[in-house]
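Shown here: target-v9.tsv, TSV, C-alpha atoms.
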chain	number	residue	atom	x	y	z
A	240	MET	CA	-221.01	16.75	14.38
A	241	LYS	CA	-222.53	19.96	13.03
A	242	SER	CA	-225.84	21.73	13.45
A	243	SER	CA	-228.74	20.75	11.21
A	244	ASN	CA	-228.79	24.26	9.73
A	245	ARG	CA	-225.16	23.92	8.71
A	246	ARG	CA	-225.87	20.49	7.24
A	247	SER	CA	-228.80	21.84	5.22
A	248	PHE	CA	-226.70	24.69	3.89
A	249	ILE	CA	-223.94	22.35	2.75
A	250	CYS	CA	-226.38	20.00	1.01
A	251	THR	CA	-227.83	22.98	-0.86
A	252	ALA	CA	-224.32	24.07	-1.80
A	253	GLY	CA	-223.69	20.59	-3.15
A	254	ALA	CA	-226.63	20.82	-5.52
A	255	THR	CA	-225.41	24.24	-6.68
A	256	SER	CA	-221.89	22.94	-7.31
A	257	ALA	CA	-223.27	20.07	-9.37
A	258	ALA	CA	-225.28	22.46	-11.52
A	259	VAL	CA	-222.25	24.65	-12.12
A	260	PHE	CA	-220.23	21.60	-13.11
A	261	LEU	CA	-222.85	20.44	-15.62
A	262	GLU	CA	-222.67	23.80	-17.33
A	263	ARG	CA	-218.89	23.52	-17.52
A	264	VAL	CA	-218.56	20.06	-19.07
A	265	GLY	CA	-220.91	20.70	-21.98
A	266	VAL	CA	-223.22	18.26	-23.81
A	267	ALA	CA	-220.60	15.58	-24.50
A	268	GLY	CA	-219.88	14.91	-20.85
A	269	LYS	CA	-223.41	15.23	-19.48
A	270	GLN	CA	-224.41	11.57	-19.96
A	271	ALA	CA	-221.37	10.32	-18.05
A	272	VAL	CA	-222.08	12.86	-15.32
A	273	ALA	CA	-225.73	11.80	-15.18
A	274	ASP	CA	-224.73	8.14	-14.83
A	275	ALA	CA	-222.32	9.00	-12.03
A	276	ALA	CA	-224.90	11.17	-10.27
A	277	GLN	CA	-227.48	8.35	-10.46
A	278	SER	CA	-224.98	5.98	-8.87
A	279	LEU	CA	-224.25	8.50	-6.13
A	280	SER	CA	-227.92	8.88	-5.33
A	281	ALA	CA	-228.54	5.12	-5.17
A	282	GLY	CA	-228.09	4.99	-1.41
A	283	LYS	CA	-227.21	7.54	1.24
A	284	THR	CA	-224.75	6.80	3.98
A	285	THR	CA	-226.03	6.10	7.48
A	286	TYR	CA	-222.86	7.70	8.88
A	287	SER	CA	-223.31	11.32	7.79
A	288	ASP	CA	-222.32	12.51	11.27
A	289	ILE	CA	-218.81	10.96	11.00
A	290	PRO	CA	-216.24	13.30	9.42
A	291	CYS	CA	-213.76	11.66	7.08
A	292	ILE	CA	-210.10	12.56	6.66
A	293	ASP	CA	-208.39	11.41	3.48
A	294	VAL	CA	-204.77	11.08	4.60
A	295	HIS	CA	-203.35	10.25	1.16
A	296	THR	CA	-203.98	12.74	-1.63
A	297	HIS	CA	-201.98	14.67	-4.18
A	298	VAL	CA	-204.10	17.81	-4.41
A	299	GLY	CA	-201.13	20.02	-5.24
A	300	GLY	CA	-200.97	23.75	-4.72
A	301	GLU	CA	-202.85	25.19	-7.71
A	302	ALA	CA	-205.97	27.12	-6.71
A	303	GLY	CA	-208.12	25.59	-9.46
A	304	ALA	CA	-207.28	22.05	-8.40
A	305	ILE	CA	-208.10	22.88	-4.79
A	306	ALA	CA	-211.43	24.41	-5.85
A	307	ARG	CA	-212.33	21.14	-7.59
A	308	TYR	CA	-211.85	19.24	-4.33
A	309	LEU	CA	-214.16	21.61	-2.49
A	310	ALA	CA	-216.80	21.37	-5.24
A	311	MET	CA	-216.53	17.59	-5.29
A	312	ARG	CA	-216.92	17.55	-1.50
A	313	ASP	CA	-220.16	19.50	-1.77
A	314	ILE	CA	-221.49	17.15	-4.44
A	315	LEU	CA	-220.72	14.04	-2.39
A	316	LEU	CA	-222.13	15.53	0.79
A	317	GLY	CA	-225.29	16.70	-0.93
A	318	SER	CA	-225.97	13.46	-2.81
A	319	ARG	CA	-224.76	10.71	-0.48
A	320	GLY	CA	-224.09	12.41	2.85
A	321	ASN	CA	-220.47	11.40	3.44
A	322	ASP	CA	-218.59	14.32	4.95
A	323	LEU	CA	-215.07	14.70	3.59
A	324	ALA	CA	-213.76	17.05	6.24
A	325	ILE	CA	-210.01	17.25	5.54
A	326	TRP	CA	-207.49	16.08	2.96
A	327	ILE	CA	-203.80	15.57	3.72
A	328	ASN	CA	-201.88	16.86	0.72
A	329	LEU	CA	-198.68	14.92	0.00
A	330	GLY	CA	-197.46	17.05	-2.90
A	331	SER	CA	-195.83	15.41	-5.89
A	332	ASN	CA	-192.52	14.71	-7.57
A	333	SER	CA	-192.68	18.06	-9.34
A	334	HIS	CA	-193.86	19.97	-6.25
A	335	PRO	CA	-192.30	18.38	-3.14
A	336	ILE	CA	-192.77	21.53	-1.04
A	337	LEU	CA	-196.19	23.16	-1.12
A	338	ASP	CA	-196.88	26.73	0.00
A	339	PHE	CA	-198.61	26.03	3.28
A	340	ASP	CA	-200.37	29.39	3.68
A	341	SER	CA	-201.75	29.57	0.14
A	342	VAL	CA	-203.00	25.98	0.24
A	343	MET	CA	-204.67	26.56	3.60
A	344	LYS	CA	-206.35	29.72	2.31
A	345	ALA	CA	-207.53	28.22	-0.99
A	346	GLY	CA	-208.69	25.05	0.78
A	347	ARG	CA	-210.58	26.96	3.47
A	348	GLY	CA	-208.68	25.07	6.16
A	349	ARG	CA	-209.61	21.65	4.76
A	350	ILE	CA	-206.30	20.80	3.07
A	351	LEU	CA	-203.24	20.21	5.27
A	352	CYS	CA	-199.75	19.88	3.82
A	353	CYS	CA	-196.81	17.53	4.17
A	354	ILE	CA	-193.31	18.02	2.85
A	355	SER	CA	-192.27	15.29	0.46
A	356	ASP	CA	-189.46	13.54	-1.39
A	357	TYR	CA	-190.29	11.31	-4.34
A	358	SER	CA	-186.67	10.39	-5.18
A	359	SER	CA	-185.37	8.67	-2.08
A	360	HIS	CA	-183.26	6.31	-4.20
A	361	ASP	CA	-181.11	9.32	-5.07
A	362	GLY	CA	-180.86	10.38	-1.43
A	363	LEU	CA	-183.34	12.32	0.71
A	364	ASP	CA	-183.09	16.02	-0.10
A	365	ILE	CA	-184.37	17.86	2.97
A	366	PRO	CA	-181.55	18.39	5.52
A	367	PRO	CA	-182.36	16.46	8.71
A	368	ASP	CA	-181.64	19.42	10.98
A	369	GLU	CA	-184.33	21.45	9.18
A	370	LEU	CA	-187.17	19.02	9.89
A	371	PRO	CA	-188.23	20.66	13.21
A	372	ASN	CA	-188.59	23.97	11.37
A	373	TRP	CA	-191.04	22.44	8.90
A	374	LEU	CA	-193.15	21.17	11.81
A	375	GLU	CA	-193.16	24.61	13.39
A	376	ARG	CA	-194.39	26.11	10.12
A	377	GLY	CA	-197.45	23.85	10.19
A	378	TYR	CA	-196.49	20.93	7.93
A	379	ILE	CA	-197.76	17.75	9.55
A	380	GLY	CA	-195.53	15.02	8.12
A	381	TYR	CA	-192.87	13.92	5.67
A	382	LYS	CA	-193.99	11.91	2.63
A	383	ILE	CA	-191.28	9.61	1.22
A	384	TRP	CA	-191.60	7.54	-1.96
A	385	ALA	CA	-189.46	4.39	-1.75
A	386	GLY	CA	-191.05	2.07	-4.27
A	387	PRO	CA	-189.33	-0.33	-6.67
A	388	PRO	CA	-185.81	0.82	-7.57
A	389	SER	CA	-186.48	-0.11	-11.19
A	390	ARG	CA	-188.93	2.79	-11.40
A	391	ARG	CA	-186.31	5.33	-10.31
A	392	LEU	CA	-182.85	3.90	-10.99
A	393	LYS	CA	-181.34	2.47	-14.16
A	394	PRO	CA	-179.34	-0.77	-13.77
A	395	ASP	CA	-176.00	1.06	-13.98
A	396	ASP	CA	-176.98	3.91	-11.63
A	397	SER	CA	-175.52	4.24	-8.17
A	398	GLY	CA	-177.93	5.12	-5.43
A	399	PHE	CA	-179.78	3.88	-2.37
A	400	PRO	CA	-182.31	1.35	-3.67
A	401	TYR	CA	-183.79	0.27	-0.33
A	402	ILE	CA	-185.23	2.24	2.55
A	403	ASP	CA	-182.94	0.66	5.16
A	404	ASP	CA	-179.79	2.01	3.49
A	405	PRO	CA	-177.59	3.67	6.16
A	406	ALA	CA	-177.49	6.82	4.02
A	407	HIS	CA	-181.07	7.46	5.16
A	408	ASP	CA	-180.30	7.07	8.88
A	409	PRO	CA	-179.78	10.80	9.64
A	410	THR	CA	-183.20	11.69	8.21
A	411	PHE	CA	-185.13	8.96	10.00
A	412	ASP	CA	-183.24	9.58	13.24
A	413	ALA	CA	-184.13	13.28	13.03
A	414	MET	CA	-187.77	12.50	12.31
A	415	GLU	CA	-187.91	10.16	15.28
A	416	LYS	CA	-186.36	12.79	17.56
A	417	ALA	CA	-188.59	15.65	16.32
A	418	GLY	CA	-191.80	13.61	16.36
A	419	MET	CA	-192.38	14.12	12.64
A	420	VAL	CA	-194.77	11.55	11.16
A	421	CYS	CA	-193.46	9.47	8.27
A	422	ALA	CA	-196.58	10.16	6.23
A	423	SER	CA	-197.89	7.61	3.72
A	424	ILE	CA	-194.42	6.24	2.99
A	425	HIS	CA	-194.60	4.23	-0.24
A	426	ILE	CA	-192.89	0.83	-0.04
A	427	ALA	CA	-192.85	-1.66	-2.95
A	428	ASP	CA	-195.83	-1.91	-5.34
A	429	PRO	CA	-198.79	-4.32	-5.47
A	430	ASN	CA	-197.87	-7.96	-6.08
A	431	GLY	CA	-200.91	-10.16	-6.59
A	432	PRO	CA	-201.34	-13.92	-6.11
A	433	TYR	CA	-200.03	-16.44	-8.63
A	434	HIS	CA	-201.80	-16.02	-12.00
A	435	HIS	CA	-202.90	-12.54	-10.85
A	436	ARG	CA	-199.56	-10.73	-10.61
A	437	THR	CA	-199.91	-7.01	-11.19
A	438	LYS	CA	-198.09	-4.98	-13.82
A	439	TRP	CA	-196.71	-2.74	-11.10
A	440	LEU	CA	-194.43	-5.30	-9.43
A	441	PRO	CA	-194.85	-8.81	-10.85
A	442	ASP	CA	-191.66	-10.16	-9.24
A	443	PRO	CA	-192.46	-11.54	-5.75
A	444	VAL	CA	-188.77	-11.79	-4.84
A	445	GLU	CA	-188.25	-8.06	-5.36
A	446	PHE	CA	-191.50	-7.37	-3.49
A	447	TRP	CA	-190.22	-9.19	-0.42
A	448	ARG	CA	-186.78	-7.58	-0.65
A	449	GLU	CA	-188.48	-4.22	-0.28
A	450	MET	CA	-190.70	-5.48	2.54
A	451	MET	CA	-187.70	-6.78	4.46
A	452	ALA	CA	-185.87	-3.48	3.99
A	453	PHE	CA	-188.87	-1.67	5.44
A	454	ARG	CA	-188.98	-4.08	8.35
A	455	ALA	CA	-185.29	-3.37	9.02
A	456	ARG	CA	-185.99	0.39	8.97
A	457	LEU	CA	-188.78	0.06	11.51
A	458	ALA	CA	-186.53	-2.03	13.75
A	459	ARG	CA	-183.81	0.62	13.50
A	460	ASN	CA	-186.19	3.48	14.38
A	461	PRO	CA	-188.72	1.99	16.82
A	462	GLY	CA	-189.86	5.41	18.07
A	463	LEU	CA	-190.73	6.71	14.59
A	464	THR	CA	-194.45	7.09	13.91
A	465	VAL	CA	-195.12	5.67	10.45
A	466	VAL	CA	-198.15	5.55	8.18
A	467	ALA	CA	-197.41	3.05	5.41
A	468	ALA	CA	-199.12	3.94	2.15
A	469	HIS	CA	-201.50	1.59	0.32
A	470	GLY	CA	-201.87	-0.84	3.20
A	471	MET	CA	-198.12	-1.42	2.85
A	472	TRP	CA	-199.17	-3.01	-0.47
A	473	SER	CA	-200.04	-6.10	1.56
A	474	VAL	CA	-203.74	-6.56	0.83
A	475	CYS	CA	-203.42	-8.35	-2.53
A	476	GLN	CA	-203.04	-11.86	-1.08
A	477	ASP	CA	-204.41	-13.48	2.08
A	478	ALA	CA	-200.89	-14.41	3.17
A	479	GLN	CA	-199.90	-10.74	2.85
A	480	ILE	CA	-202.68	-9.83	5.27
A	481	ASP	CA	-201.18	-12.24	7.78
A	482	PHE	CA	-197.83	-10.52	7.22
A	483	LEU	CA	-199.55	-7.22	8.04
A	484	ARG	CA	-200.83	-8.76	11.26
A	485	TYR	CA	-197.25	-9.69	12.10
A	486	MET	CA	-195.88	-6.23	11.26
A	487	LEU	CA	-198.55	-4.32	13.19
A	488	GLY	CA	-198.18	-6.70	16.12
A	489	THR	CA	-194.39	-6.27	16.15
A	490	TYR	CA	-194.05	-2.51	15.52
A	491	PRO	CA	-196.49	-0.51	17.67
A	492	ASN	CA	-195.78	2.78	15.87
A	493	LEU	CA	-196.63	1.37	12.44
A	494	ASN	CA	-199.97	2.31	10.86
A	495	ILE	CA	-201.35	1.88	7.33
A	496	ASP	CA	-203.59	3.85	5.00
A	497	LEU	CA	-206.04	2.33	2.53
A	498	ALA	CA	-205.15	4.47	-0.50
A	499	ALA	CA	-205.56	2.66	-3.84
A	500	THR	CA	-206.23	-0.68	-2.13
A	501	PHE	CA	-209.98	-1.00	-2.75
A	502	GLN	CA	-209.58	-2.33	-6.30
A	503	TYR	CA	-207.65	-5.36	-4.97
A	504	TYR	CA	-210.17	-6.58	-2.41
A	505	HIS	CA	-211.57	-9.13	-4.85
A	506	LEU	CA	-208.22	-10.99	-4.67
A	507	VAL	CA	-208.54	-11.86	-0.96
A	508	SER	CA	-211.04	-13.50	1.35
A	509	ARG	CA	-213.67	-10.97	2.33
A	510	ASP	CA	-213.95	-12.42	5.85
A	511	ASN	CA	-210.19	-12.38	6.33
A	512	LEU	CA	-209.96	-8.73	5.26
A	513	ARG	CA	-212.96	-7.73	7.37
A	514	ASP	CA	-211.62	-9.48	10.47
A	515	PHE	CA	-208.24	-7.83	9.92
A	516	MET	CA	-209.74	-4.34	9.70
A	517	ILE	CA	-211.78	-4.86	12.85
A	518	GLU	CA	-208.85	-6.41	14.73
A	519	TRP	CA	-206.42	-3.63	13.78
A	520	SER	CA	-208.86	-0.72	13.46
A	521	ASP	CA	-206.71	1.41	15.77
A	522	ARG	CA	-203.97	1.41	13.14
A	523	ILE	CA	-205.82	1.89	9.84
A	524	LEU	CA	-206.54	5.24	8.17
A	525	PHE	CA	-208.75	6.17	5.24
A	526	GLY	CA	-206.98	7.26	2.05
A	527	THR	CA	-207.58	7.24	-1.70
A	528	ASP	CA	-204.47	8.47	-3.59
A	529	ALA	CA	-206.68	11.06	-5.29
A	530	GLY	CA	-204.82	13.51	-7.50
A	531	ARG	CA	-205.74	16.33	-9.84
A	532	TRP	CA	-208.40	16.03	-12.51
A	533	SER	CA	-209.71	17.99	-15.47
A	534	ASP	CA	-213.14	19.10	-16.67
A	535	ALA	CA	-213.34	15.94	-18.78
A	536	ASP	CA	-212.83	13.76	-15.70
A	537	GLY	CA	-215.37	15.63	-13.67
A	538	ASP	CA	-216.08	16.59	-10.08
A	539	VAL	CA	-219.14	14.31	-10.05
A	540	SER	CA	-217.21	11.28	-11.31
A	541	HIS	CA	-214.62	11.80	-8.56
A	542	ALA	CA	-217.40	12.00	-6.01
A	543	GLU	CA	-218.57	8.63	-7.35
A	544	ARG	CA	-215.08	7.19	-6.86
A	545	TYR	CA	-215.15	8.27	-3.24
A	546	SER	CA	-218.66	6.87	-2.91
A	547	ARG	CA	-217.48	3.42	-4.02
A	548	CYS	CA	-214.79	3.46	-1.31
A	549	PHE	CA	-217.28	4.49	1.36
A	550	ARG	CA	-219.76	1.83	0.24
A	551	MET	CA	-216.99	-0.79	0.33
A	552	LEU	CA	-216.30	0.00	3.97
A	553	GLU	CA	-219.83	0.75	5.18
A	554	THR	CA	-222.12	-1.75	3.42
A	555	ASP	CA	-222.30	-5.41	2.43
A	556	GLU	CA	-223.33	-4.53	-1.13
A	557	LEU	CA	-221.53	-5.75	-4.21
A	558	VAL	CA	-219.48	-2.69	-5.13
A	559	GLU	CA	-218.29	-2.36	-8.69
A	560	GLY	CA	-214.80	-1.05	-8.27
A	561	GLY	CA	-212.59	0.95	-5.96
A	562	PHE	CA	-211.14	4.38	-6.56
A	563	PHE	CA	-209.18	3.42	-9.69
A	564	SER	CA	-210.71	0.32	-11.26
A	565	MET	CA	-213.94	-1.64	-11.58
A	566	ASN	CA	-213.17	-4.99	-9.94
A	567	GLU	CA	-216.33	-6.04	-8.10
A	568	ALA	CA	-216.14	-7.03	-4.44
A	569	LYS	CA	-218.57	-7.40	-1.57
A	570	GLY	CA	-218.51	-4.57	0.94
A	571	LEU	CA	-217.07	-5.12	4.41
A	572	ALA	CA	-219.95	-3.63	6.46
A	573	LEU	CA	-217.60	-2.48	9.21
A	574	PRO	CA	-219.06	-1.56	12.61
A	575	ARG	CA	-219.55	2.09	13.45
A	576	ASP	CA	-216.75	2.29	16.01
A	577	VAL	CA	-214.33	0.83	13.46
A	578	LEU	CA	-215.42	3.34	10.81
A	579	GLU	CA	-214.93	6.22	13.25
A	580	LYS	CA	-211.34	5.16	13.87
A	581	ILE	CA	-210.55	4.64	10.19
A	582	TYR	CA	-212.31	7.80	9.00
A	583	PHE	CA	-210.92	10.31	11.50
A	584	LYS	CA	-209.99	9.23	15.03
A	585	ASN	CA	-206.70	7.59	14.09
A	586	ALA	CA	-205.65	10.60	12.00
A	587	VAL	CA	-206.42	12.90	14.93
A	588	ARG	CA	-204.26	10.74	17.18
A	589	ILE	CA	-201.35	10.35	14.77
A	590	TYR	CA	-200.97	13.67	12.95
A	591	PRO	CA	-200.21	16.94	14.73
A	592	ARG	CA	-202.82	19.71	14.53
A	593	VAL	CA	-205.46	17.60	12.74
A	594	GLY	CA	-207.75	17.65	15.76
A	595	GLU	CA	-207.22	21.38	16.12
A	596	HIS	CA	-208.19	21.97	12.49
A	597	LEU	CA	-211.29	19.79	12.79
A	598	ARG	CA	-212.46	21.85	15.76
A	599	LYS	CA	-211.85	25.08	13.85
A	600	LEU	CA	-214.07	23.71	11.09
A	601	GLY	CA	-216.87	23.20	13.60
A	602	TYR	CA	-216.60	19.51	14.40
A	603	THR	CA	-216.96	18.09	17.90
A	604	ILE	CA	-214.50	15.24	18.16
A	605	GLY	CA	-214.27	14.54	21.89

Translate the structure described by the file into structure tokens.
Amino acid sequence: MKSSNRRSFICTAGATSAAVFLERVGVAGKQAVADAAQSLSAGKTTYSDIPCIDVHTHVGGEAGAIARYLAMRDILLGSRGNDLAIWINLGSNSHPILDFDSVMKAGRGRILCCISDYSSHDGLDIPPDELPNWLERGYIGYKIWAGPPSRRLKPDDSGFPYIDDPAHDPTFDAMEKAGMVCASIHIADPNGPYHHRTKWLPDPVEFWREMMAFRARLARNPGLTVVAAHGMWSVCQDAQIDFLRYMLGTYPNLNIDLAATFQYYHLVSRDNLRDFMIEWSDRILFGTDAGRWSDADGDVSHAERYSRCFRMLETDELVEGGFFSMNEAKGLALPRDVLEKIYFKNAVRIYPRVGEHLRKLGYTIG
């Protein structure tokens, strides 16, 4: 994708960034950093020429946080070879609208912004008639959080607990008309198999209420391009994966990202999950749910988190953990053409301007 000279320069920069980080963390954190670095160096990727776009991150707009991402990118590229080319920045509850120009400048063109609303149960805040203006300004999608009502509404609160509430129709209709991507929309929370329910949403009845509301929304807005966050939280049981097959087969504009799903792969059949990803590779995008981190957390340790995700997709090794936890699962060893779609081709197809930004960064994407 890039010249060998450029690649050599970036690898050198990665080693420099790692050295700077070691100076910053001090003696107490050096052993943890050393352990992470050893894990990173255990095996290099065989897909260093494939750029990767993380479509689900919460980088924020603070220059220091953005600098950490760039330093972590250099470390990962220099130690393992995976090329994190672009992050899609979904903002946060406290910062739903990011300053596009300042983020682009601080991120050196590698961090693209969405507008966001993390309180959909109280009504979506951005006026529908303003959505085309946000697209014109360079924002590439609208992130909406519509998880369990219990996490946003008290029992006696009025509001709009489910995503198919008619109160949301003007926004989704305007998005459909303007061609604005519904970016990493969060529906429900993970609900594991019997005896392995998660703390996030242990009630399967509520889980399926939220799934059915999302299905109704997609039926109401068939022309809306949607990327459902976290695999639509439907990779925690084998039956959920079959439900995903049904949803993707029924709604051609529905896509999913993989953010925060890797730590649940031990709960499902590896062959079922692998076959699903190959079968529906045109509709799956790479994501992590990465947020901000401090000196104590470390740029190297975050590079290791990314490394575990890449190894899970690229190899058949036993990988100890995903991005957020240490549940061991066997890697999926996906074919190269599948990895290309998941890592960047689907994002280029779905999100406006992503292909343009990749080319500006020096990538040849066809």

Original post:
Any idea what's packed within 7 Å of range 451-453 of chain A, counting all atoms listed in the file, ignoring anything in its chain fewer than 5 positions away? Could you give it as a ChimeraX atom specification?
Top reply: /A:401-403

Pull the closest atom pair for each residue of range 401-443 of chain A that gets at most 10 Å from range 283-298 of chain A, along with the distance in Å to one decimal, counting only C-alpha atoms, ordering rows by chain and then ascending residue number, as CSV.
residue,atom,partner,partner_atom,distance
A:Ala422,CA,A:Val294,CA,8.4
A:Ser423,CA,A:His295,CA,6.6
A:Ile424,CA,A:His295,CA,10.0

How close does range 457-502 of chain A get to range 565-586 of chain A? List, as a Markdown table, each residue of range 457-502 of chain A within 12 Å, its nearest atom pair and the distance in Å to one decimal, counting all atoms listed in the file.
| residue | atom | partner | partner_atom | distance |
| --- | --- | --- | --- | --- |
| A:Thr464 | CA | A:Ala586 | CA | 11.9 |
| A:Val465 | CA | A:Ala586 | CA | 11.7 |
| A:Val466 | CA | A:Ala586 | CA | 9.8 |
| A:Leu493 | CA | A:Asn585 | CA | 12.0 |
| A:Asn494 | CA | A:Asn585 | CA | 9.1 |
| A:Ile495 | CA | A:Ile581 | CA | 10.0 |
| A:Asp496 | CA | A:Ile581 | CA | 8.7 |
| A:Leu497 | CA | A:Ile581 | CA | 9.2 |
| A:Ala498 | CA | A:Ile581 | CA | 12.0 |
| A:Thr500 | CA | A:Asn566 | CA | 11.3 |
| A:Phe501 | CA | A:Ala568 | CA | 8.8 |
| A:Gln502 | CA | A:Asn566 | CA | 5.8 |

Would you give me, as a Markdown table, each residue of range 552-598 of chain A having an atom within 10 Å of an atom of range 334-349 of chain A, along with its shortest atom pair and that distance in Å to one decimal, using only C-alpha atoms and sorting by chain and residue number?
| residue | atom | partner | partner_atom | distance |
| --- | --- | --- | --- | --- |
| A:Val593 | CA | A:Arg349 | CA | 9.9 |
| A:His596 | CA | A:Gly348 | CA | 7.1 |
| A:Leu597 | CA | A:Arg349 | CA | 8.4 |

Subject >> Nearest to Cys353 in chain A by atom-to-atom distance, counting only C-alpha atoms, from A:Ile325, A:Cys421, A:Phe562, A:Asp368 >> reply: A:Cys421

**OP:** Excluding Pro400 in chain A and any residue of its chain fewer than 2 positions from it, enumerate the residues within 12 Å of it, using all atoms listed in the file, and give them as a PyMOL selection string.
**Re:** chain A and resi 358-363+384-394+396-398+402-407+426-427+445+448-449+452-453

**OP:** May I have the residues within 12 Å of Tyr503 in chain A as a PyMOL selection string, using only C-alpha atoms and disregarding those fewer than 6 positions away in the same chain?
**Re:** chain A and resi 429-432+435-437+469-470+472-477+497+509+512+548+551+559-569

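For the pair CA of Ser546 in chain A and CA of Asn321 in chain A, the separation is 8.0 Å.
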
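Restricting the calculation to only C-alpha atoms, the smallest distance between Ile589 in chain A and any of A:Glu556, A:Asp356, A:Asp313, A:Asp521 is found for A:Asp521.
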
Original post:
What's the 9 Å shell around Trp519 in chain A, counting only C-alpha atoms, without same-chain residues fewer than 4 positions away, as a PyMOL selection string?
Top reply: chain A and resi 484+487+514-515+523

Original post:
Quick one, how far is CA of Glu518 in chain A from CA of Asp555 in chain A?
Top reply: 18.3 Å

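For the atom pair formed by CA of Gly462 in chain A and CA of Pro491 in chain A, the distance is 8.9 Å, given to one decimal.
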
Missing atoms in range 331-346 of chain A: fill them in up to N, CA and C atoms and send the result as a tab-separated table (two decimals), in the frame of the given file.
chain	number	residue	atom	x	y	z
A	331	SER	N	-196.13	16.27	-4.76
A	331	SER	CA	-195.83	15.41	-5.89
A	331	SER	C	-194.34	15.50	-6.20
A	332	ASN	N	-193.92	14.69	-7.17
A	332	ASN	CA	-192.52	14.71	-7.57
A	332	ASN	C	-192.10	16.08	-8.09
A	333	SER	N	-193.01	16.75	-8.78
A	333	SER	CA	-192.68	18.06	-9.34
A	333	SER	C	-192.86	19.20	-8.33
A	334	HIS	N	-193.64	18.95	-7.27
A	334	HIS	CA	-193.86	19.97	-6.25
A	334	HIS	C	-193.73	19.34	-4.86
A	335	PRO	N	-192.49	19.04	-4.43
A	335	PRO	CA	-192.30	18.38	-3.14
A	335	PRO	C	-192.59	19.28	-1.95
A	336	ILE	N	-192.48	20.60	-2.12
A	336	ILE	CA	-192.77	21.53	-1.04
A	336	ILE	C	-193.90	22.44	-1.48
A	337	LEU	N	-195.03	22.35	-0.82
A	337	LEU	CA	-196.19	23.16	-1.12
A	337	LEU	C	-196.18	24.42	-0.26
A	338	ASP	N	-196.76	25.50	-0.77
A	338	ASP	CA	-196.88	26.73	0.00
A	338	ASP	C	-198.01	26.57	1.01
A	339	PHE	N	-197.65	26.38	2.25
A	339	PHE	CA	-198.61	26.03	3.28
A	339	PHE	C	-199.73	27.07	3.39
A	340	ASP	N	-199.38	28.34	3.46
A	340	ASP	CA	-200.37	29.39	3.68
A	340	ASP	C	-201.35	29.50	2.52
A	341	SER	N	-200.85	29.43	1.28
A	341	SER	CA	-201.75	29.57	0.14
A	341	SER	C	-202.67	28.37	0.00
A	342	VAL	N	-202.16	27.17	0.30
A	342	VAL	CA	-203.00	25.98	0.24
A	342	VAL	C	-204.08	26.03	1.32
A	343	MET	N	-203.69	26.45	2.52
A	343	MET	CA	-204.67	26.56	3.60
A	343	MET	C	-205.77	27.56	3.25
A	344	LYS	N	-205.37	28.69	2.66
A	344	LYS	CA	-206.35	29.72	2.31
A	344	LYS	C	-207.28	29.23	1.20
A	345	ALA	N	-206.71	28.69	0.13
A	345	ALA	CA	-207.53	28.22	-0.99
A	345	ALA	C	-208.42	27.05	-0.57
A	346	GLY	N	-207.93	26.21	0.33
A	346	GLY	CA	-208.69	25.05	0.78
A	346	GLY	C	-209.61	25.32	1.94
